[in-house]
Amino acid sequence: MSRKKTAAAAAPPAAPPPVAAPRTPARSVSIPSRLALPLALLLTAIGVIRIVSTYRYFASTSDEPAHIACGLEYVASHTYRLETQHPPLARAMIALLPYLSGTRPQGQPGFQREGWALITYEHHPDLTMTRMRLGILPFFVLGCLVVFYWALHYFGPTTAVIATALFTLIPTVLAHAGLATTDMALAACTGLAFFTLIRWAERPTLPWAAGAGFSCALAALSKYTALGFLPAAIFLALLAFLVAARPSAARFTRLGVERASGAAIIVATACLTIWAAYFFSWNHGPAPEYFDGIQVALRHNRNGHPAWLLGQQSDTGWWYYFPVALAVKTPLALLLLWFFGLWLCWRNRARFAWLLPVAFSLGILFPAMQGKVNIGLRHILPIYIAVCVVAALAVEELLRRQPAIPALLVLWMAVSGALHHPDYIPYFNELVQVEPDRVLVDSDYDWGQDTKRLATRLRELHVNEINWGWVDSPDNQFLETYPGLPHIVNIHPLKPAVGWTAVRPTLERISQYGLQYRYPNLQPWYDYLAPREHVGTIWLFYVPPGAVTPIR
């Protein structure tokens, strides 16, 4: 080897060209897998405590007597004829604890009168209401678990815990998880059915097929709207798969053939479970009560229902009702996280998992927007399962970029809901600051829950008679027993009543206590007075003896 080559070899290597300093990796928060489920269960337990703590404040809402009446008929008599418009799953859970405690059918005419009799005849109505509402708590827990395992499976433990936390902070979820109604069951069971169907599609084994079929049956037995929501969501999920995976026609056909036997098992399991839920009844076919309920529900939707939105009354609803309800009743912080999360889902649209919660949300929202029964955001309560998964993705992404921002948003959401405790039913976000009853009523604001507060206030005022009821109401005689209103006189919208009058915004907005908006030049007499005070959501008026109330 020459000296020149030796020197060259011994010389130090030339310095590399200068490069920019490496970026500091984005910070992230990671929850260990072993802690994820305990944390989710702790958050769920906190939600349960918040829900149970609301029981003592509220009397029966408008629908709860009907649900206990039909549920107790099912549990005690193994028949289901009082009213079939809702399937029996949630109603049976509502009736189970009262039945085990000795409550028995009373044989009153009509399911509403029967329900009131069941609540009052044992002389401990508050205890009966508590037992009824406890029957819905398992569905809240199930909903939390669906959110957790959905997010855990596709996005990891951190997203799962965040999504569960967000779900337990939504006032509308807490409100309807605290009532003896069917809406929390719909949310939990529809979410469970969607998730198990997707998992079966990923792993088409016999256990997953049987589990998916049973879950679909639970959804179908929770509320009939699941029969529209679930197929729509699955169809949109299939479109999402085609967008993300772009399978060839041959591969798509092969995947379908491989899952055909599993699909048959799902259908068979679901049908058998539904039939078993009706005690294998038969009348020209299996489970006639179930199909009768479908007809009743379709007829109800076809005929519509009196409703109120943004200062307008309608019997057939508005296509934009549910988007507006979502906008004003969802915490603003959650809406902001959801919108950012939707952008992330669009950016990651090549990944099937990111499109699933979008498909589920649209599968709930689009069918609901076609309906004519617009009486509460509760009817699309399942949408919040997917909303929380998407919002949790946004939180996790923001934690990597600017940790203070998601922390403040989650804190804002938590404080917003806590400040409204226990009044989760009439919760509105900061977009509605005054007169929420001009935006929405019914189960979004005034569902009759404040009659207990009204009874307490009237006792403080030593009121012996209250103008409150409406003609043909089956509730009046029972409301004097529970929650203990004074003697009730029906309100006449055109005849001013001396003394005390309590007006429910829902009955005023949707029907004007009988005027029904048929006479545009006439307004109820109390519209020309300012309420003396508000008792929860109820307007309380006082007309002194000898006073003349102007009527136009």
# chains A, B, ... in the order shown; residues from 1 in each chain; ligands from 1
call {"tool": "closest_atom_pairs", "arguments": {"of": "stretch 117-215 of chain A", "to": "stretch 274-287 of chain A", "cutoff": "12 Å", "atoms": "only C-alpha atoms", "output": "Markdown table"}}
result
| residue | atom | partner | partner_atom | distance |
| --- | --- | --- | --- | --- |
| A:Gly213 | CA | A:Ile274 | CA | 10.2 |
| A:Phe214 | CA | A:Ile274 | CA | 8.9 |
| A:Ser215 | CA | A:Ile274 | CA | 10.7 |
call {"tool": "write_last_selection", "arguments": {"atoms": "N, CA and C atoms", "output": "CSV table (one decimal), in the first residue's frame"}}
result
chain,number,residue,atom,x,y,z
A,213,GLY,N,-76.1,-12.2,17.4
A,213,GLY,CA,-77.5,-12.4,17.3
A,213,GLY,C,-78.2,-12.1,18.6
A,214,PHE,N,-77.7,-12.4,19.7
A,214,PHE,CA,-78.3,-12.1,21.0
A,214,PHE,C,-78.3,-10.6,21.2
A,215,SER,N,-77.2,-9.9,20.9
A,215,SER,CA,-77.2,-8.5,21.0
A,215,SER,C,-78.2,-7.8,20.1
call {"tool": "residues_around", "arguments": {"residues": "A:Val147", "least_positions_apart": "5", "cutoff": "12 Å", "atoms": "only C-alpha atoms", "output": "VMD selection string"}}
result
chain A and resid 37 40 to 41 44 140 to 142 152 to 155 157 159 to 168 187 to 192 194 to 195 357 382 to 392
call {"tool": "write_last_selection", "arguments": {"atoms": "C-alpha atoms", "output": "PDB file, in the first residue's frame"}}
result
ATOM      1  CA  LEU A  37     -60.672  -1.072  32.937  1.00  0.00           C
ATOM      2  CA  ALA A  40     -63.363   3.089  33.367  1.00  0.00           C
ATOM      3  CA  LEU A  41     -65.296   1.281  36.091  1.00  0.00           C
ATOM      4  CA  THR A  44     -68.874   4.603  35.576  1.00  0.00           C
ATOM      5  CA  PHE A 140     -76.099   2.886  31.753  1.00  0.00           C
ATOM      6  CA  VAL A 141     -73.299   0.580  32.884  1.00  0.00           C
ATOM      7  CA  LEU A 142     -73.657  -1.424  29.677  1.00  0.00           C
ATOM      8  CA  LEU A 152     -60.111  -0.056  23.511  1.00  0.00           C
ATOM      9  CA  HIS A 153     -60.281  -2.532  20.656  1.00  0.00           C
ATOM     10  CA  TYR A 154     -59.592  -0.036  17.894  1.00  0.00           C
ATOM     11  CA  PHE A 155     -57.634   2.777  19.525  1.00  0.00           C
ATOM     12  CA  PRO A 157     -56.524   2.028  26.541  1.00  0.00           C
ATOM     13  CA  THR A 159     -58.719   6.544  24.162  1.00  0.00           C
ATOM     14  CA  ALA A 160     -60.986   4.018  25.891  1.00  0.00           C
ATOM     15  CA  VAL A 161     -60.724   5.686  29.304  1.00  0.00           C
ATOM     16  CA  ILE A 162     -61.177   9.173  27.834  1.00  0.00           C
ATOM     17  CA  ALA A 163     -64.235   8.091  25.839  1.00  0.00           C
ATOM     18  CA  THR A 164     -65.808   6.508  28.927  1.00  0.00           C
ATOM     19  CA  ALA A 165     -65.170   9.663  30.932  1.00  0.00           C
ATOM     20  CA  LEU A 166     -66.834  11.825  28.284  1.00  0.00           C
ATOM     21  CA  PHE A 167     -69.866   9.531  28.114  1.00  0.00           C
ATOM     22  CA  THR A 168     -70.411   9.768  31.878  1.00  0.00           C
ATOM     23  CA  ALA A 187     -78.666   3.517  23.529  1.00  0.00           C
ATOM     24  CA  ALA A 188     -76.784   0.712  25.245  1.00  0.00           C
ATOM     25  CA  CYS A 189     -78.276  -2.211  23.331  1.00  0.00           C
ATOM     26  CA  THR A 190     -78.024  -0.590  19.897  1.00  0.00           C
ATOM     27  CA  GLY A 191     -74.388   0.281  20.543  1.00  0.00           C
ATOM     28  CA  LEU A 192     -73.718  -3.255  21.768  1.00  0.00           C
ATOM     29  CA  PHE A 194     -73.393  -2.667  16.293  1.00  0.00           C
ATOM     30  CA  PHE A 195     -70.090  -3.406  18.009  1.00  0.00           C
ATOM     31  CA  PRO A 357     -68.072   5.724  14.656  1.00  0.00           C
ATOM     32  CA  PRO A 382     -77.310   5.983  20.953  1.00  0.00           C
ATOM     33  CA  ILE A 383     -75.473   8.591  18.898  1.00  0.00           C
ATOM     34  CA  TYR A 384     -73.526   9.686  21.983  1.00  0.00           C
ATOM     35  CA  ILE A 385     -71.702   6.340  22.086  1.00  0.00           C
ATOM     36  CA  ALA A 386     -69.999   7.126  18.789  1.00  0.00           C
ATOM     37  CA  VAL A 387     -69.684  10.831  19.573  1.00  0.00           C
ATOM     38  CA  CYS A 388     -67.615  10.014  22.649  1.00  0.00           C
ATOM     39  CA  VAL A 389     -65.300   7.662  20.752  1.00  0.00           C
ATOM     40  CA  VAL A 390     -64.636  10.345  18.125  1.00  0.00           C
ATOM     41  CA  ALA A 391     -64.221  13.083  20.754  1.00  0.00           C
ATOM     42  CA  ALA A 392     -61.781  10.900  22.682  1.00  0.00           C
TER      43      ALA A 392
END
call {"tool": "closest_residue", "arguments": {"among": "A:Ala193, A:Asp527, A:Glu508, A:Glu122", "to": "A:Ala210", "atoms": "only C-alpha atoms"}}
result
A:Ala193
call {"tool": "select_by_dssp", "arguments": {"residues": "stretch 162-406 of chain A", "states": "helix (DSSP H, G or I)", "output": "ChimeraX atom specification"}}
result
/A:162-167,171-177,183-202,206-222,226-245,249-258,260-277,288-303,321-329,332-347,352-369,377-380,383-401,404-406
call {"tool": "closest_residue", "arguments": {"among": "A:Ala327, A:Gly499, A:Val243, A:Val257", "to": "A:Val432", "atoms": "only C-alpha atoms"}}
result
A:Ala327
call {"tool": "residues_around", "arguments": {"residues": "A:His305", "least_positions_apart": "5", "cutoff": "9 Å", "atoms": "only C-alpha atoms", "output": "ChimeraX atom specification"}}
result
/A:300,314-317,372-375
call {"tool": "write_last_selection", "arguments": {"atoms": "C-alpha atoms", "output": "compact mmCIF listing (two decimals), in the first residue's frame"}}
result
# COMPACT_ATOMS: atom_id res chain seq x y z
CA HIS A 300 -97.62 6.79 15.45
CA SER A 314 -96.01 21.13 14.43
CA ASP A 315 -97.70 17.74 14.51
CA THR A 316 -95.40 16.25 11.87
CA GLY A 317 -92.00 17.56 12.93
CA LYS A 372 -92.42 12.70 12.30
CA VAL A 373 -92.21 12.18 16.08
CA ASN A 374 -89.94 14.99 17.30
CA ILE A 375 -90.34 14.95 21.07
call {"tool": "residues_around", "arguments": {"residues": "stretch 230-234 of chain A", "least_positions_apart": "3", "cutoff": "9 Å", "atoms": "only C-alpha atoms", "output": "ChimeraX atom specification"}}
result
/A:190-191,193-194,197-198,216,219,225-227,237-239,356,359-364,366-367
